[in-house]
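Enquirer: Structure file input22.txt (compact mmCIF, C-alpha atoms) is given on the next line.
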# COMPACT_ATOMS: atom_id res chain seq x y z
CA MET A 16 -10.56 28.28 70.58
CA GLN A 17 -12.87 31.09 71.71
CA GLU A 18 -15.99 31.62 69.62
CA ASN A 19 -15.58 34.56 67.21
CA ALA A 20 -12.01 35.04 68.43
CA ARG A 21 -9.54 36.77 66.16
CA SER A 22 -5.91 37.63 66.55
CA TRP A 23 -2.98 39.10 64.67
CA THR A 24 0.76 38.90 64.25
CA TYR A 25 3.35 39.85 61.70
CA VAL A 26 6.04 37.96 59.84
CA LEU A 27 9.23 39.44 58.46
CA VAL A 28 10.29 37.88 55.18
CA THR A 29 14.05 38.33 55.40
CA PRO A 30 16.16 39.41 52.40
CA ASP A 31 17.11 35.82 51.57
CA GLY A 32 13.43 34.88 51.38
CA LEU A 33 12.80 37.59 48.79
CA LEU A 34 15.97 37.01 46.77
CA THR A 35 15.24 33.30 46.45
CA GLY A 36 11.73 33.97 45.15
CA TYR A 37 9.71 32.48 48.00
CA LEU A 38 7.29 35.40 48.41
CA PRO A 39 4.45 34.12 46.12
CA TRP A 40 4.61 30.64 47.66
CA LEU A 41 4.73 32.12 51.14
CA LEU A 42 1.67 34.32 50.60
CA ASP A 43 -0.36 31.33 49.38
CA SER A 44 0.90 29.07 52.16
CA LEU A 45 0.11 31.56 54.91
CA GLN A 46 -3.45 31.88 53.61
CA CYS A 47 -3.85 28.10 53.47
CA ASN A 48 -2.68 27.86 57.09
CA GLY A 49 -5.31 30.31 58.36
CA LEU A 50 -2.96 33.30 58.52
CA ALA A 51 -4.33 35.84 56.06
CA PRO A 52 -1.83 38.44 54.81
CA VAL A 53 -3.83 41.69 55.03
CA ALA A 54 -1.11 44.33 54.56
CA GLY A 55 2.51 44.34 53.49
CA ARG A 56 5.45 46.63 52.95
CA LEU A 57 9.01 46.42 51.68
CA ILE A 58 11.40 47.85 54.26
CA ARG A 59 15.09 48.45 54.75
CA VAL A 60 16.13 46.22 57.64
CA THR A 61 19.35 47.04 59.47
CA SER A 62 21.49 44.61 61.39
CA ALA A 63 21.31 46.97 64.38
CA THR A 64 17.51 46.72 64.48
CA MET A 65 17.50 42.94 64.20
CA LEU A 66 20.21 42.52 66.82
CA ASN A 67 18.11 44.72 69.11
CA ILE A 68 15.13 42.44 68.45
CA TYR A 69 17.05 39.20 68.98
CA ALA A 70 19.11 40.52 71.90
CA PRO A 71 17.28 43.40 73.67
CA PRO A 72 19.45 45.82 75.68
CA GLY A 73 19.94 44.79 79.28
CA LYS A 74 19.68 41.09 78.51
CA PRO A 75 22.57 38.66 77.99
CA PHE A 76 23.62 38.31 74.36
CA PRO A 77 22.42 34.87 73.20
CA SER A 78 25.36 32.60 72.50
CA ARG A 79 23.54 31.06 69.52
CA LEU A 80 23.46 34.36 67.60
CA PRO A 81 26.04 34.80 64.84
CA PRO A 82 28.48 37.74 64.97
CA ARG A 83 27.46 41.23 63.86
CA ARG A 84 29.39 40.86 60.60
CA LYS A 85 27.06 38.10 59.43
CA PHE A 86 24.01 40.19 60.29
CA ASP A 87 25.47 43.03 58.22
CA LEU A 88 25.93 40.70 55.26
CA TRP A 89 22.52 39.10 55.68
CA TYR A 90 20.47 42.27 55.87
CA GLY A 91 22.61 43.94 53.24
CA LEU A 92 21.37 41.46 50.64
CA GLY A 93 18.24 43.47 49.87
CA PRO A 94 14.89 44.49 51.31
CA GLY A 95 12.87 42.76 53.95
CA CYS A 96 9.10 42.49 53.75
CA VAL A 97 6.73 42.98 56.67
CA LEU A 98 3.46 41.07 56.32
CA LEU A 99 0.59 41.74 58.71
CA LEU A 100 -1.39 38.58 59.38
CA HIS A 101 -5.00 38.17 60.53
CA ARG A 102 -6.30 34.95 62.04
CA ASP A 103 -9.94 34.02 62.62
CA GLY A 104 -9.12 32.35 65.90
CA ASP A 105 -6.95 32.98 68.91
CA ASP A 106 -3.16 33.12 69.14
CA ALA A 107 -2.00 33.96 65.64
CA CYS A 108 1.54 34.21 67.02
CA ALA A 109 1.54 30.57 68.12
CA ALA A 110 0.10 29.46 64.78
CA MET A 111 2.74 31.43 62.89
CA SER A 112 5.56 30.11 65.07
CA GLU A 113 4.42 26.55 64.43
CA PHE A 114 4.23 27.11 60.68
CA LYS A 115 7.64 28.82 60.73
CA GLY A 116 9.41 25.68 61.92
CA ALA A 117 12.76 25.08 63.57
CA THR A 118 15.69 27.45 63.11
CA ASN A 119 17.77 24.75 61.43
CA PRO A 120 16.20 23.84 58.05
CA ARG A 121 17.45 20.27 58.49
CA GLU A 122 15.39 19.97 61.67
CA ALA A 123 12.33 21.87 60.41
CA GLY A 124 9.26 19.85 59.49
CA HIS A 125 8.59 19.27 55.81
CA ASP A 126 5.36 21.28 56.07
CA THR A 127 7.05 24.35 57.59
CA ILE A 128 8.56 27.43 56.00
CA ARG A 129 12.09 27.01 57.27
CA HIS A 130 12.38 23.54 55.81
CA HIS A 131 13.09 25.47 52.59
CA GLY A 132 15.76 27.69 54.16
CA GLU A 133 19.42 27.65 53.21
CA ASN A 134 20.90 27.45 56.72
CA CYS A 135 20.30 28.50 60.32
CA LEU A 136 20.70 32.18 59.42
CA THR A 137 19.17 32.54 55.96
CA ASN A 138 15.96 30.68 56.76
CA ILE A 139 13.35 32.89 55.05
CA VAL A 140 11.32 34.38 57.92
CA HIS A 141 11.29 35.81 61.43
CA CYS A 142 8.20 36.10 63.61
CA PRO A 143 7.47 37.10 67.23
CA ASP A 144 6.37 34.81 70.05
CA ASN A 145 3.37 36.83 71.29
CA GLU A 146 1.30 39.93 70.48
CA ALA A 147 3.14 42.19 72.92
CA GLN A 148 6.43 41.22 71.32
CA ALA A 149 4.85 41.64 67.88
CA ALA A 150 3.79 45.22 68.66
CA ASP A 151 7.22 46.10 70.05
CA GLU A 152 9.16 44.58 67.14
CA LEU A 153 6.86 46.09 64.53
CA ALA A 154 7.46 49.55 65.98
CA GLN A 155 11.21 48.99 65.71
CA LEU A 156 10.90 47.88 62.10
CA VAL A 157 8.51 50.51 60.68
CA GLY A 158 8.26 53.21 63.35
CA GLU A 159 5.63 53.59 66.07
CA LYS A 160 3.09 55.53 64.00
CA SER A 161 3.12 53.10 61.08
CA ALA A 162 3.10 50.14 63.48
CA VAL A 163 -0.15 51.34 65.08
CA SER A 164 -1.77 51.78 61.68
CA LEU A 165 -0.63 48.36 60.46
CA GLN A 166 -1.76 46.68 63.67
CA ARG A 167 -5.20 48.27 63.23
CA LEU A 168 -5.40 46.82 59.72
CA ALA A 169 -4.35 43.40 61.02
CA ASN A 170 -7.21 43.45 63.54
CA SER A 171 -9.77 44.91 61.11
CA PRO A 172 -8.71 43.97 57.58
CA ASP A 173 -9.69 46.08 54.57
CA GLU A 174 -9.77 44.19 51.28
CA ARG A 175 -8.81 47.32 49.33
CA VAL A 176 -5.68 47.79 51.42
CA ARG A 177 -4.75 44.14 50.93
CA ARG A 178 -4.98 44.51 47.16
CA LEU A 179 -2.96 47.74 47.19
CA THR A 180 -0.22 46.36 49.43
CA VAL A 181 0.05 42.56 49.52
CA ASP A 182 -1.05 41.98 45.92
CA SER A 183 1.42 44.60 44.67
CA LEU A 184 4.49 43.38 46.55
CA GLU A 185 5.90 41.14 43.86
CA ASP A 186 5.55 43.83 41.18
CA SER A 187 7.28 46.37 43.41
CA LEU A 188 10.33 44.23 44.26
CA PRO A 189 13.68 45.58 43.00
CA ALA A 190 14.87 43.90 39.81
CA TYR A 191 18.39 42.51 39.61
CA SER A 192 18.35 41.44 35.96
CA GLY A 193 16.70 42.41 32.70
CA PRO A 194 15.79 45.95 31.57
CA GLU A 195 14.00 46.68 34.86
CA ALA A 196 17.32 46.57 36.70
CA LEU A 197 18.74 49.68 35.00
CA SER A 198 15.79 51.39 33.30
CA THR A 199 14.88 54.63 35.07
CA PRO A 200 11.23 54.57 33.85
CA LEU A 201 10.80 51.02 35.17
CA ILE A 202 12.53 51.78 38.48
CA VAL A 203 10.37 54.88 38.92
CA ASN A 204 7.29 52.76 38.21
CA LYS A 205 8.28 50.41 41.04
CA LEU A 206 8.99 53.31 43.40
CA ARG A 207 5.56 54.77 42.72
CA LEU A 208 3.96 51.39 43.34
CA ARG A 209 5.65 51.32 46.76
CA VAL A 210 4.35 54.83 47.46
CA VAL A 211 0.83 53.65 46.63
CA GLY A 212 1.13 50.77 49.09
CA TYR A 213 2.64 52.98 51.78
CA MET A 214 -0.19 55.52 51.53
CA ALA A 215 -2.89 52.82 51.36
CA ALA A 216 -1.91 51.64 54.86
CA HIS A 217 -1.84 55.20 56.24
CA GLU A 218 -3.99 55.84 59.30
CA SER A 219 -5.79 58.70 57.51
CA ALA A 220 -6.49 56.84 54.26
CA THR A 221 -10.22 57.35 53.62
CA SER A 222 -12.41 55.37 51.27
CA ALA A 223 -11.98 58.12 48.67
CA VAL A 224 -8.19 57.97 49.04
CA LEU A 225 -8.21 54.19 48.60
CA SER A 226 -10.34 54.55 45.47
CA THR A 227 -7.89 57.05 43.98
CA LEU A 228 -4.95 54.83 44.92
CA THR A 229 -6.65 51.86 43.26
CA GLU A 230 -7.04 53.85 40.04
CA THR A 231 -3.41 54.96 40.29
CA ARG A 232 -2.21 51.41 40.77
CA GLU A 233 -4.07 50.31 37.65
CA THR A 234 -2.49 53.18 35.72
CA LEU A 235 0.94 52.09 36.95
CA ARG A 236 0.24 48.55 35.78
CA ARG A 237 -0.71 49.78 32.32
CA GLU A 238 2.40 51.94 32.18
CA HIS A 239 4.59 49.03 33.27
CA SER A 240 3.10 46.74 30.65
CA GLU A 241 3.61 49.28 27.86
CA ILE A 242 7.17 50.11 28.92
CA ARG A 243 8.08 46.42 29.10
CA GLN A 244 7.00 45.99 25.48
CA GLN A 245 9.65 48.47 24.32
CA THR A 246 13.11 47.28 23.34
CA THR A 247 15.09 50.53 23.60
CA SER A 248 15.74 53.01 26.37
CA ALA A 249 14.46 55.88 24.21
CA ASP A 250 11.15 54.15 23.57
CA ARG A 251 10.73 53.29 27.25
CA ALA A 252 11.34 56.94 28.14
CA ASP A 253 8.76 58.10 25.58
CA ILE A 254 6.08 55.85 27.10
CA ALA A 255 6.91 57.00 30.63
CA ARG A 256 6.56 60.66 29.66
CA THR A 257 2.97 60.08 28.52
CA TYR A 258 2.05 58.86 32.01
CA ASP A 259 4.27 61.00 34.22
CA ASP A 260 2.10 64.08 34.78
CA GLN A 261 -1.02 62.04 35.56
CA LEU A 262 0.76 59.77 38.02
CA GLN A 263 2.73 62.51 39.73
CA SER A 264 -0.34 64.71 40.15
CA ALA A 265 -2.38 61.89 41.71
CA LEU A 266 0.34 60.81 44.15
CA VAL A 267 1.29 64.33 45.21
CA GLY A 268 -2.36 65.17 45.82
CA ILE A 269 -2.92 62.14 48.04
CA ALA A 270 0.31 62.68 49.99
CA ARG A 271 -0.74 66.26 50.74
CA GLN A 272 -4.21 65.13 51.74
CA LEU A 273 -2.71 62.62 54.16
CA GLY A 274 -0.18 65.15 55.42
CA ASP A 275 2.55 62.53 55.20
CA THR A 276 5.98 64.14 54.93
CA ALA A 277 7.75 60.93 53.89
CA ALA A 278 5.36 60.38 50.98
CA GLU A 279 5.63 64.04 49.97
CA ASP A 280 9.44 63.95 50.07
CA THR A 281 9.55 60.71 48.09
CA ASN A 282 7.15 62.07 45.47
CA ALA A 283 9.28 65.22 45.21
CA GLY A 284 12.37 63.06 44.77
CA ILE A 285 10.69 61.05 42.02
CA ALA A 286 9.69 64.26 40.24
CA THR A 287 13.30 65.44 40.36
CA ILE A 288 14.52 62.07 39.07
CA THR A 289 12.22 62.19 36.06
CA ARG A 290 13.19 65.80 35.29
CA LEU A 291 16.93 65.11 35.51
CA PHE A 292 16.54 61.91 33.51
CA ASN A 293 14.65 63.66 30.73
CA GLU A 294 17.17 66.52 30.66
CA ALA A 295 20.05 64.04 30.44
CA ARG A 296 18.37 62.34 27.48
CA LEU A 297 17.88 65.75 25.85
CA LEU A 298 21.58 66.52 26.31
CA GLU A 299 22.55 63.16 24.79
CA ASP A 300 20.42 63.99 21.75
CA GLY A 301 22.24 67.29 21.26
CA GLY A 302 19.61 69.47 22.92
CA LYS A 303 20.01 71.99 25.70
CA PRO A 304 18.49 71.16 29.11
CA SER A 305 16.85 73.88 31.19
CA THR A 306 19.57 73.60 33.85
CA PRO A 307 23.16 72.32 33.63
CA PRO A 308 23.88 68.89 35.16
CA ASP A 309 24.64 69.12 38.89
CA SER A 310 26.34 66.01 40.29
CA GLY A 311 26.05 67.38 43.83
CA ALA A 312 22.28 67.72 43.50
CA GLN A 313 22.07 64.18 42.16
CA GLU A 314 24.02 62.82 45.11
CA ASN A 315 21.86 64.78 47.57
CA LEU A 316 18.75 63.42 45.88
CA THR A 317 19.78 59.79 46.29
CA THR A 318 20.77 60.48 49.90
CA THR A 319 17.32 61.94 50.58
CA LEU A 320 15.59 58.93 49.03
CA ARG A 321 17.77 56.55 51.04
CA GLU A 322 16.65 58.23 54.26
CA GLN A 323 12.91 57.81 53.60
CA PRO A 324 10.92 54.94 55.15
CA LEU A 325 9.89 53.85 51.64
CA TYR A 326 12.39 51.27 50.49
CA VAL A 327 14.80 52.05 47.66
CA ALA A 328 17.49 49.49 46.80
CA GLU A 329 21.11 50.55 46.54
CA THR A 330 21.19 49.11 43.02
CA GLU A 331 18.18 51.27 42.14
CA LEU A 332 19.80 54.39 43.58
CA ALA A 333 22.98 53.68 41.63
CA ALA A 334 21.07 53.10 38.38
CA LEU A 335 19.06 56.28 38.88
CA GLU A 336 22.13 58.42 39.54
CA LEU A 337 23.92 56.92 36.54
CA SER A 338 21.00 57.90 34.31
CA MET A 339 21.00 61.59 35.24
In structure tokens, how does this file's structure come out?
Expert:
Amino acid sequence: MQENARSWTYVLVTPDGLLTGYLPWLLDSLQCNGLAPVAGRLIRVTSATMLNIYAPPGKPFPSRLPPRRKFDLWYGLGPGCVLLLHRDGDDACAAMSEFKGATNPREAGHDTIRHHGENCLTNIVHCPDNEAQAADELAQLVGEKSAVSLQRLANSPDERVRRLTVDSLEDSLPAYSGPEALSTPLIVNKLRLRVVGYMAAHESATSAVLSTLTETRETLRREHSEIRQQTTSADRADIARTYDDQLQSALVGIARQLGDTAAEDTNAGIATITRLFNEARLLEDGGKPSTPPDSGAQENLTTTLREQPLYVAETELAALELSM
């Protein structure tokens, strides 16, 4: 190993790895194996993107790959998670590939990740073979601009970004049971937490921006804790209203400062969600909302959110639209 060498790679935690709850274990295990997670993001992974990664155009389609239908089912399970990894030493890609283990969980070493996989397809992670491949795949997964920013962070880690992204991943995961699965205030809290992480890894995020995002994340945690203590939808909505203006103002201000259209559009969508949600509650209580319900506007809103690079689960979109 070269003296003072450092290298980077990324690992994609596939939807099965998140659904089965391996993320906390994986984050600890990567760190223990000299691969420090320094940035992370939930993303929507399409079967088309992954097939393009596994079988690039112009090359023969590998016979070992399953049919497209299985890729559709696999990546339709939920989000993926991109983790940027920093290694104090050379060839992070080789180290990650070794820790990943064999494709078949039955053949993977007991000290590897894929030993815990379900089968040859749903085996928790994907990672590239070398840095050139890592850069190319990352651009396909998150877009070229975000890939450059994330690669920079992998080479020169920032502890504040790690706390705002990696340390917040578990709290920002979609919920599939309990009140968080259908509660608009709790879903909005998770969406805002994802916005915080997205903006923290932005190429233009200054020290002042990161400080404001850190304060906003702490506010979101307090809000989440207070909402979770409530037992009724009405009480959860009341708590959320006390935080909404403060959170929305902070996030909108940062998005404008960064000049990031995706963050601005997502923040605008969240503002519309909270307004429509509050008006629907007012109507249920016999009041008169400022504007009549518009199902077309609601459908357009969820379509807009679905198109943003910030991940929103289909179950979350459905729950949000049902609440308006």
Enquirer: A:Ile285, A:Leu208, A:Met111, A:Ile242: which is nearest Glu195 (chain A), counting only C-alpha atoms?
Expert: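 Smallest distance to Glu195 (chain A) is found for A:Ile242.
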Enquirer: Got a sec: who's within 9 Å of Asn67 (chain A), counting all atoms listed in the file, leaving out chain neighbours fewer than 5 positions off, as a compact mmCIF listing (two decimals) with C-alpha atoms, in the frame of the given file?
Expert:
# COMPACT_ATOMS: atom_id res chain seq x y z
CA SER A 62 21.49 44.61 61.39
CA PRO A 72 19.45 45.82 75.68
CA GLN A 155 11.21 48.99 65.71
Enquirer: Considering all atoms listed in the file, can you say which of A:Val60, A:Val203, A:Leu42, A:Ala283 comes closest to Pro30 (chain A)?
Expert: A:Val60
Enquirer: Which residue out of A:Gly49, A:Gly132, A:Pro82, A:Gly55 has the minimum interatomic distance to Gly212 (chain A) when only C-alpha atoms are used?
Expert: A:Gly55
Enquirer: For Arg178 (chain A), which residue among A:Glu159, A:Asp87, A:Glu152, A:Glu230 is the nearest when counting only C-alpha atoms?
Expert: A:Glu230
